[in-house]
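The file entry-v7.pdb comes next; it holds PDB, N, CA and C atoms.
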ATOM      1  N   MET A  14    -104.466  84.409   3.636
ATOM      2  CA  MET A  14    -104.167  84.131   5.008
ATOM      3  C   MET A  14    -104.775  82.809   5.462
ATOM      4  N   ALA A  15    -106.007  82.525   5.014
ATOM      5  CA  ALA A  15    -106.661  81.276   5.375
ATOM      6  C   ALA A  15    -105.892  80.091   4.827
ATOM      7  N   GLU A  16    -105.364  80.287   3.599
ATOM      8  CA  GLU A  16    -104.591  79.202   3.021
ATOM      9  C   GLU A  16    -103.297  78.993   3.813
ATOM     10  N   ASN A  17    -102.672  80.074   4.195
ATOM     11  CA  ASN A  17    -101.474  79.996   5.015
ATOM     12  C   ASN A  17    -101.768  79.334   6.351
ATOM     13  N   LEU A  18    -102.870  79.679   6.940
ATOM     14  CA  LEU A  18    -103.261  79.116   8.224
ATOM     15  C   LEU A  18    -103.538  77.623   8.082
ATOM     16  N   ALA A  19    -104.214  77.221   7.019
ATOM     17  CA  ALA A  19    -104.498  75.805   6.778
ATOM     18  C   ALA A  19    -103.196  75.043   6.562
ATOM     19  N   GLN A  20    -102.285  75.620   5.821
ATOM     20  CA  GLN A  20    -100.989  74.962   5.570
ATOM     21  C   GLN A  20    -100.199  74.855   6.875
ATOM     22  N   GLU A  21    -100.245  75.891   7.673
ATOM     23  CA  GLU A  21     -99.527  75.871   8.946
ATOM     24  C   GLU A  21    -100.112  74.794   9.864
ATOM     25  N   ILE A  22    -101.433  74.668   9.855
ATOM     26  CA  ILE A  22    -102.076  73.623  10.664
ATOM     27  C   ILE A  22    -101.636  72.248  10.175
ATOM     28  N   ARG A  23    -101.620  72.042   8.859
ATOM     29  CA  ARG A  23    -101.175  70.759   8.316
ATOM     30  C   ARG A  23     -99.713  70.485   8.699
ATOM     31  N   ASP A  24     -98.886  71.514   8.606
ATOM     32  CA  ASP A  24     -97.474  71.359   8.985
ATOM     33  C   ASP A  24     -97.340  70.991  10.462
ATOM     34  N   GLN A  25     -98.107  71.667  11.306
ATOM     35  CA  GLN A  25     -98.058  71.385  12.742
ATOM     36  C   GLN A  25     -98.593  69.975  13.038
ATOM     37  N   GLU A  26     -99.613  69.573  12.312
ATOM     38  CA  GLU A  26    -100.143  68.209  12.484
ATOM     39  C   GLU A  26     -99.092  67.180  12.080
ATOM     40  N   ALA A  27     -98.373  67.455  10.992
ATOM     41  CA  ALA A  27     -97.313  66.548  10.547
ATOM     42  C   ALA A  27     -96.206  66.481  11.601
ATOM     43  N   ILE A  28     -95.845  67.637  12.141
ATOM     44  CA  ILE A  28     -94.815  67.678  13.204
ATOM     45  C   ILE A  28     -95.312  66.913  14.427
ATOM     46  N   ALA A  29     -96.550  67.127  14.809
ATOM     47  CA  ALA A  29     -97.126  66.434  15.964
ATOM     48  C   ALA A  29     -97.154  64.930  15.730
ATOM     49  N   LYS A  30     -97.534  64.525  14.512
ATOM     50  CA  LYS A  30     -97.563  63.099  14.167
ATOM     51  C   LYS A  30     -96.164  62.504  14.279
ATOM     52  N   SER A  31     -95.169  63.239  13.822
ATOM     53  CA  SER A  31     -93.785  62.790  13.889
ATOM     54  C   SER A  31     -93.329  62.667  15.347
ATOM     55  N   ILE A  32     -93.694  63.669  16.147
ATOM     56  CA  ILE A  32     -93.330  63.631  17.580
ATOM     57  C   ILE A  32     -93.974  62.434  18.261
ATOM     58  N   VAL A  33     -95.257  62.185  17.995
ATOM     59  CA  VAL A  33     -95.965  61.040  18.587
ATOM     60  C   VAL A  33     -95.312  59.738  18.140
ATOM     61  N   SER A  34     -94.963  59.636  16.867
ATOM     62  CA  SER A  34     -94.321  58.437  16.340
ATOM     63  C   SER A  34     -92.970  58.210  17.011
ATOM     64  N   ASN A  35     -92.181  59.276  17.124
ATOM     65  CA  ASN A  35     -90.880  59.175  17.796
ATOM     66  C   ASN A  35     -91.043  58.813  19.272
ATOM     67  N   ALA A  36     -92.042  59.386  19.919
ATOM     68  CA  ALA A  36     -92.300  59.087  21.331
ATOM     69  C   ALA A  36     -92.691  57.624  21.512
ATOM     70  N   LYS A  37     -93.512  57.106  20.603
ATOM     71  CA  LYS A  37     -93.904  55.684  20.684
ATOM     72  C   LYS A  37     -92.692  54.780  20.489
ATOM     73  N   ALA A  38     -91.829  55.150  19.542
ATOM     74  CA  ALA A  38     -90.619  54.351  19.302
ATOM     75  C   ALA A  38     -89.715  54.390  20.527
ATOM     76  N   GLU A  39     -89.546  55.573  21.105
ATOM     77  CA  GLU A  39     -88.711  55.707  22.309
ATOM     78  C   GLU A  39     -89.314  54.938  23.479
ATOM     79  N   ALA A  40     -90.644  54.994  23.611
ATOM     80  CA  ALA A  40     -91.331  54.249  24.674
ATOM     81  C   ALA A  40     -91.126  52.748  24.491
ATOM     82  N   ALA A  41     -91.179  52.280  23.263
ATOM     83  CA  ALA A  41     -90.954  50.853  22.992
ATOM     84  C   ALA A  41     -89.534  50.458  23.378
ATOM     85  N   LYS A  42     -88.545  51.330  23.057
ATOM     86  CA  LYS A  42     -87.152  51.043  23.439
ATOM     87  C   LYS A  42     -87.004  50.993  24.950
ATOM     88  N   ILE A  43     -87.596  51.974  25.631
ATOM     89  CA  ILE A  43     -87.510  52.015  27.098
ATOM     90  C   ILE A  43     -88.178  50.791  27.712
ATOM     91  N   LEU A  44     -89.332  50.409  27.174
ATOM     92  CA  LEU A  44     -90.041  49.228  27.675
ATOM     93  C   LEU A  44     -89.211  47.964  27.463
ATOM     94  N   ALA A  45     -88.601  47.829  26.295
ATOM     95  CA  ALA A  45     -87.767  46.653  26.011
ATOM     96  C   ALA A  45     -86.568  46.602  26.949
ATOM     97  N   ALA A  46     -85.947  47.754  27.175
ATOM     98  CA  ALA A  46     -84.792  47.800  28.081
ATOM     99  C   ALA A  46     -85.208  47.466  29.509
ATOM    100  N   ALA A  47     -86.328  48.006  29.942
ATOM    101  CA  ALA A  47     -86.819  47.732  31.295
ATOM    102  C   ALA A  47     -87.172  46.257  31.462
ATOM    103  N   THR A  48     -87.794  45.686  30.418
ATOM    104  CA  THR A  48     -88.139  44.263  30.464
ATOM    105  C   THR A  48     -86.879  43.410  30.535
ATOM    106  N   ALA A  49     -85.885  43.749  29.752
ATOM    107  CA  ALA A  49     -84.626  42.999  29.775
ATOM    108  C   ALA A  49     -83.945  43.127  31.137
ATOM    109  N   ASP A  50     -83.937  44.335  31.685
ATOM    110  CA  ASP A  50     -83.349  44.538  33.016
ATOM    111  C   ASP A  50     -84.091  43.736  34.076
ATOM    112  N   ALA A  51     -85.411  43.736  34.000
ATOM    113  CA  ALA A  51     -86.213  42.985  34.974
ATOM    114  C   ALA A  51     -85.947  41.488  34.868
ATOM    115  N   GLU A  52     -85.884  40.977  33.635
ATOM    116  CA  GLU A  52     -85.610  39.550  33.442
ATOM    117  C   GLU A  52     -84.223  39.196  33.978
ATOM    118  N   GLN A  53     -83.238  40.046  33.738
ATOM    119  CA  GLN A  53     -81.884  39.798  34.242
ATOM    120  C   GLN A  53     -81.869  39.840  35.766
ATOM    121  N   SER A  54     -82.603  40.775  36.326
ATOM    122  CA  SER A  54     -82.677  40.878  37.788
ATOM    123  C   SER A  54     -83.316  39.631  38.391
ATOM    124  N   VAL A  55     -84.390  39.148  37.765
ATOM    125  CA  VAL A  55     -85.053  37.927  38.243
ATOM    126  C   VAL A  55     -84.099  36.743  38.139
ATOM    127  N   LYS A  56     -83.399  36.626  37.022
ATOM    128  CA  LYS A  56     -82.452  35.520  36.819
ATOM    129  C   LYS A  56     -81.348  35.569  37.866
ATOM    130  N   SER A  57     -80.799  36.754  38.084
ATOM    131  CA  SER A  57     -79.731  36.930  39.054
ATOM    132  C   SER A  57     -80.210  36.580  40.470
ATOM    133  N   THR A  58     -81.410  37.024  40.794
ATOM    134  CA  THR A  58     -81.964  36.744  42.117
ATOM    135  C   THR A  58     -82.205  35.253  42.307
ATOM    136  N   LYS A  59     -82.707  34.586  41.265
ATOM    137  CA  LYS A  59     -82.919  33.133  41.341
ATOM    138  C   LYS A  59     -81.596  32.412  41.575
ATOM    139  N   GLN A  60     -80.557  32.825  40.848
ATOM    140  CA  GLN A  60     -79.248  32.197  41.008
ATOM    141  C   GLN A  60     -78.712  32.420  42.419
ATOM    142  N   GLN A  61     -78.868  33.624  42.918
ATOM    143  CA  GLN A  61     -78.395  33.940  44.263
ATOM    144  C   GLN A  61     -79.150  33.117  45.305
ATOM    145  N   CYS A  62     -80.465  33.030  45.146
ATOM    146  CA  CYS A  62     -81.273  32.237  46.084
ATOM    147  C   CYS A  62     -80.884  30.761  46.032
ATOM    148  N   HIS A  63     -80.653  30.241  44.837
ATOM    149  CA  HIS A  63     -80.261  28.841  44.701
ATOM    150  C   HIS A  63     -78.895  28.610  45.357
ATOM    151  N   ARG A  64     -77.972  29.551  45.161
ATOM    152  CA  ARG A  64     -76.647  29.431  45.769
ATOM    153  C   ARG A  64     -76.766  29.446  47.297
ATOM    154  N   GLN A  65     -77.575  30.367  47.815
ATOM    155  CA  GLN A  65     -77.772  30.427  49.268
ATOM    156  C   GLN A  65     -78.422  29.146  49.780
ATOM    157  N   TRP A  66     -79.376  28.614  49.021
ATOM    158  CA  TRP A  66     -80.036  27.371  49.417
ATOM    159  C   TRP A  66     -79.025  26.229  49.490
ATOM    160  N   ARG A  67     -78.158  26.131  48.436
ATOM    161  CA  ARG A  67     -77.137  25.073  48.437
ATOM    162  C   ARG A  67     -76.200  25.217  49.625
ATOM    163  N   GLU A  68     -75.796  26.454  49.925
ATOM    164  CA  GLU A  68     -74.903  26.686  51.057
ATOM    165  C   GLU A  68     -75.567  26.300  52.369
ATOM    166  N   ARG A  69     -76.830  26.640  52.521
ATOM    167  CA  ARG A  69     -77.541  26.299  53.756
ATOM    168  C   ARG A  69     -77.748  24.796  53.885
ATOM    169  N   VAL A  70     -78.047  24.141  52.775
ATOM    170  CA  VAL A  70     -78.203  22.678  52.810
ATOM    171  C   VAL A  70     -76.871  22.029  53.189
ATOM    172  N   ALA A  71     -75.781  22.514  52.588
ATOM    173  CA  ALA A  71     -74.464  21.962  52.912
ATOM    174  C   ALA A  71     -74.137  22.173  54.389
ATOM    175  N   ALA A  72     -74.452  23.353  54.914
ATOM    176  CA  ALA A  72     -74.198  23.630  56.328
ATOM    177  C   ALA A  72     -75.056  22.729  57.218
ATOM    178  N   ALA A  73     -76.316  22.538  56.836
ATOM    179  CA  ALA A  73     -77.210  21.673  57.616
ATOM    180  C   ALA A  73     -76.726  20.224  57.583
ATOM    181  N   GLU A  74     -76.260  19.776  56.408
ATOM    182  CA  GLU A  74     -75.737  18.409  56.305
ATOM    183  C   GLU A  74     -74.484  18.249  57.152
ATOM    184  N   LYS A  75     -73.622  19.254  57.153
ATOM    185  CA  LYS A  75     -72.402  19.199  57.962
ATOM    186  C   LYS A  75     -72.758  19.151  59.443
ATOM    187  N   GLU A  76     -73.718  19.977  59.840
ATOM    188  CA  GLU A  76     -74.157  19.995  61.232
ATOM    189  C   GLU A  76     -74.797  18.662  61.615
ATOM    190  N   ALA A  77     -75.598  18.113  60.704
ATOM    191  CA  ALA A  77     -76.251  16.827  60.966
ATOM    192  C   ALA A  77     -75.215  15.712  61.084
ATOM    193  N   GLU A  78     -74.180  15.758  60.237
ATOM    194  CA  GLU A  78     -73.118  14.739  60.300
ATOM    195  C   GLU A  78     -72.387  14.818  61.639
ATOM    196  N   ALA A  79     -72.076  16.033  62.088
ATOM    197  CA  ALA A  79     -71.401  16.199  63.379
ATOM    198  C   ALA A  79     -72.289  15.685  64.510
ATOM    199  N   LYS A  80     -73.589  16.007  64.436
ATOM    200  CA  LYS A  80     -74.527  15.542  65.463
ATOM    201  C   LYS A  80     -74.630  14.014  65.435
ATOM    202  N   ALA A  81     -74.655  13.430  64.237
ATOM    203  CA  ALA A  81     -74.740  11.971  64.112
ATOM    204  C   ALA A  81     -73.500  11.306  64.710
ATOM    205  N   GLN A  82     -72.341  11.893  64.447
ATOM    206  CA  GLN A  82     -71.110  11.335  65.019
ATOM    207  C   GLN A  82     -71.131  11.439  66.535
ATOM    208  N   GLU A  83     -71.631  12.557  67.030
ATOM    209  CA  GLU A  83     -71.736  12.748  68.482
ATOM    210  C   GLU A  83     -72.677  11.705  69.088
ATOM    211  N   ILE A  84     -73.823  11.495  68.453
ATOM    212  CA  ILE A  84     -74.804  10.520  68.951
ATOM    213  C   ILE A  84     -74.229   9.103  68.872
ATOM    214  N   THR A  85     -73.537   8.806  67.762
ATOM    215  CA  THR A  85     -72.927   7.483  67.606
ATOM    216  C   THR A  85     -71.866   7.249  68.663
ATOM    217  N   ALA A  86     -71.037   8.254  68.909
ATOM    218  CA  ALA A  86     -69.985   8.116  69.935
ATOM    219  C   ALA A  86     -70.611   7.907  71.311
ATOM    220  N   LYS A  87     -71.675   8.667  71.613
ATOM    221  CA  LYS A  87     -72.345   8.507  72.904
ATOM    222  C   LYS A  87     -72.962   7.119  73.002
ATOM    223  N   GLY A  88     -73.579   6.643  71.916
ATOM    224  CA  GLY A  88     -74.167   5.305  71.915
ATOM    225  C   GLY A  88     -73.106   4.235  72.116
ATOM    226  N   GLY A  89     -71.949   4.416  71.462
ATOM    227  CA  GLY A  89     -70.854   3.464  71.639
ATOM    228  C   GLY A  89     -70.350   3.457  73.068
ATOM    229  N   ALA A  90     -70.210   4.643  73.652
ATOM    230  CA  ALA A  90     -69.754   4.729  75.041
ATOM    231  C   ALA A  90     -70.781   4.101  75.986
ATOM    232  N   ASP A  91     -72.074   4.355  75.730
ATOM    233  CA  ASP A  91     -73.127   3.747  76.552
ATOM    234  C   ASP A  91     -73.114   2.226  76.425
ATOM    235  N   ALA A  92     -72.930   1.737  75.208
ATOM    236  CA  ALA A  92     -72.891   0.288  74.985
ATOM    237  C   ALA A  92     -71.693  -0.331  75.706
ATOM    238  N   LYS A  93     -70.544   0.328  75.625
ATOM    239  CA  LYS A  93     -69.345  -0.194  76.296
ATOM    240  C   LYS A  93     -69.539  -0.187  77.810
ATOM    241  N   SER A  94     -70.128   0.878  78.324
ATOM    242  CA  SER A  94     -70.399   0.968  79.761
ATOM    243  C   SER A  94     -71.352  -0.140  80.190
ATOM    244  N   PHE A  95     -72.416  -0.357  79.397
ATOM    245  CA  PHE A  95     -73.374  -1.415  79.710
ATOM    246  C   PHE A  95     -72.690  -2.774  79.686
ATOM    247  N   TYR A  96     -71.840  -3.006  78.682
ATOM    248  CA  TYR A  96     -71.109  -4.271  78.577
ATOM    249  C   TYR A  96     -70.220  -4.479  79.795
ATOM    250  N   GLU A  97     -69.472  -3.432  80.152
ATOM    251  CA  GLU A  97     -68.564  -3.549  81.302
ATOM    252  C   GLU A  97     -69.351  -3.825  82.579
ATOM    253  N   LYS A  98     -70.501  -3.196  82.706
ATOM    254  CA  LYS A  98     -71.327  -3.384  83.897
ATOM    255  C   LYS A  98     -71.906  -4.789  83.945
ATOM    256  N   LYS A  99     -72.279  -5.337  82.826
ATOM    257  CA  LYS A  99     -72.958  -6.634  82.788
ATOM    258  C   LYS A  99     -72.018  -7.823  82.601
ATOM    259  N   LYS A 100     -70.771  -7.601  82.174
ATOM    260  CA  LYS A 100     -69.917  -8.753  81.873
ATOM    261  C   LYS A 100     -69.604  -9.581  83.110
ATOM    262  N   ASN A 101     -69.549  -8.962  84.286
ATOM    263  CA  ASN A 101     -69.312  -9.735  85.508
ATOM    264  C   ASN A 101     -70.515 -10.591  85.864
ATOM    265  N   GLU A 102     -71.686 -10.149  85.511
ATOM    266  CA  GLU A 102     -72.895 -10.922  85.788
ATOM    267  C   GLU A 102     -72.986 -12.154  84.895
ATOM    268  N   THR A 103     -72.363 -12.136  83.740
ATOM    269  CA  THR A 103     -72.469 -13.262  82.816
ATOM    270  C   THR A 103     -71.760 -14.494  83.362
ATOM    271  N   ASP A 104     -70.674 -14.300  84.113
ATOM    272  CA  ASP A 104     -69.986 -15.459  84.693
ATOM    273  C   ASP A 104     -70.911 -16.201  85.643
ATOM    274  N   GLY A 105     -71.629 -15.480  86.469
ATOM    275  CA  GLY A 105     -72.558 -16.109  87.416
ATOM    276  C   GLY A 105     -73.690 -16.817  86.686
ATOM    277  N   VAL A 106     -74.221 -16.200  85.664
ATOM    278  CA  VAL A 106     -75.312 -16.802  84.897
ATOM    279  C   VAL A 106     -74.801 -18.028  84.154
ATOM    280  N   ALA A 107     -73.593 -17.950  83.569
ATOM    281  CA  ALA A 107     -73.030 -19.098  82.850
ATOM    282  C   ALA A 107     -72.800 -20.266  83.812
ATOM    283  N   ASN A 108     -72.258 -19.988  84.989
ATOM    284  CA  ASN A 108     -72.038 -21.064  85.978
ATOM    285  C   ASN A 108     -73.365 -21.682  86.403
ATOM    286  N   TRP A 109     -74.368 -20.862  86.634
ATOM    287  CA  TRP A 109     -75.687 -21.379  87.016
ATOM    288  C   TRP A 109     -76.258 -22.254  85.901
ATOM    289  N   LEU A 110     -76.110 -21.798  84.668
ATOM    290  CA  LEU A 110     -76.628 -22.538  83.521
ATOM    291  C   LEU A 110     -75.922 -23.885  83.401
ATOM    292  N   VAL A 111     -74.610 -23.903  83.566
ATOM    293  CA  VAL A 111     -73.861 -25.164  83.501
ATOM    294  C   VAL A 111     -74.321 -26.098  84.606
ATOM    295  N   ARG A 112     -74.495 -25.585  85.806
ATOM    296  CA  ARG A 112     -74.955 -26.436  86.919
ATOM    297  C   ARG A 112     -76.337 -27.025  86.632
ATOM    298  N   GLU A 113     -77.238 -26.197  86.064
ATOM    299  CA  GLU A 113     -78.584 -26.668  85.746
ATOM    300  C   GLU A 113     -78.558 -27.754  84.672
ATOM    301  N   VAL A 114     -77.740 -27.537  83.640
ATOM    302  CA  VAL A 114     -77.648 -28.528  82.567
ATOM    303  C   VAL A 114     -77.025 -29.818  83.101
ATOM    304  N   MET A 115     -75.979 -29.678  83.882
ATOM    305  CA  MET A 115     -75.312 -30.870  84.437
ATOM    306  C   MET A 115     -76.250 -31.624  85.369
ATOM    307  N   ALA A 116     -77.032 -30.867  86.127
ATOM    308  CA  ALA A 116     -77.969 -31.519  87.046
ATOM    309  C   ALA A 116     -79.057 -32.238  86.253
ATOM    310  N   ALA A 117     -79.510 -31.646  85.162
ATOM    311  CA  ALA A 117     -80.596 -32.244  84.395
ATOM    312  C   ALA A 117     -80.102 -33.388  83.520
ATOM    313  N   TYR A 118     -78.941 -33.267  82.912
ATOM    314  CA  TYR A 118     -78.500 -34.265  81.944
ATOM    315  C   TYR A 118     -77.266 -35.023  82.368
ATOM    316  N   GLY A 119     -76.583 -34.567  83.368
ATOM    317  CA  GLY A 119     -75.402 -35.250  83.857
ATOM    318  C   GLY A 119     -74.212 -35.003  82.930
ATOM    319  N   SER A 120     -73.118 -35.642  83.227
ATOM    320  CA  SER A 120     -71.905 -35.480  82.434
ATOM    321  C   SER A 120     -71.921 -36.488  81.295
ATOM    322  N   ARG A 121     -71.616 -36.125  80.118
ATOM    323  CA  ARG A 121     -71.623 -37.023  78.962
ATOM    324  C   ARG A 121     -70.222 -37.179  78.426
ATOM    325  N   ARG A 122     -69.260 -37.148  79.247
ATOM    326  CA  ARG A 122     -67.873 -37.289  78.791
ATOM    327  C   ARG A 122     -67.609 -38.693  78.248
ATOM    328  N   ASN A 123     -68.289 -39.666  78.734
ATOM    329  CA  ASN A 123     -68.038 -41.037  78.331
ATOM    330  C   ASN A 123     -68.665 -41.368  76.982
ATOM    331  N   VAL A 124     -69.479 -40.544  76.446
ATOM    332  CA  VAL A 124     -70.196 -40.857  75.210
ATOM    333  C   VAL A 124     -69.340 -40.779  74.020
TER
END
Kindly transcribe the structure held in the file into structure tokens.
Amino acid sequence: MAENLAQEIRDQEAIAKSIVSNAKAEAAKILAAATADAEQSVKSTKQQCHRQWRERVAAAEKEAEAKAQEITAKGGADAKSFYEKKKNETDGVANWLVREVMAAYGSRRNV
């Protein structure tokens, strides 16, 4: 009976060793699969974030271009308004300048 019991213990130890070995192999497979899934998830998330970043940059550039055109148009309108307001004053200044030059240097038509 003792011999039978010793043999049974050895058999059970062998079975236990096999179960532990199989469990370690299965754990390694599960770990590898989980690692691969995690890496794929990180890669996918990075790509998605980069795509969203590009879209937001493009939208910001489009908005900035529209704002720049608006500012440029307003500046052009302001410049035209200023020109229209001041162009009548230039005739008076030009006439005054001609009178001052003529008074200081006289007419040089004969030269």
When you draw a straight line from atom N of Ala41 of chain A to atom N of Ala29 of chain A, how long is it in Å?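 These two atoms are separated by 17.9 Å.
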Please write out, as AutoDock Vina command-line options, where the centre of an axis-aligned box around all listed atoms of segment 48-59 of chain A lies and how long its edges are, in Å to one decimal, after adding 8 Å on each side.
--center_x -83.9 --center_y 39.0 --center_z 36.0 --size_x 24.4 --size_y 29.3 --size_z 28.6
Atom CA of Asn35 of chain A to atom N of Ile22 of chain A, distance in Å rounded to a single decimal: 20.4 Å
Quick one, how far is atom N of Ala116 of chain A from atom C of Asp104 of chain A?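 Value for the atom N of Ala116 of chain A-atom C of Asp104 of chain A distance: 15.9 Å.
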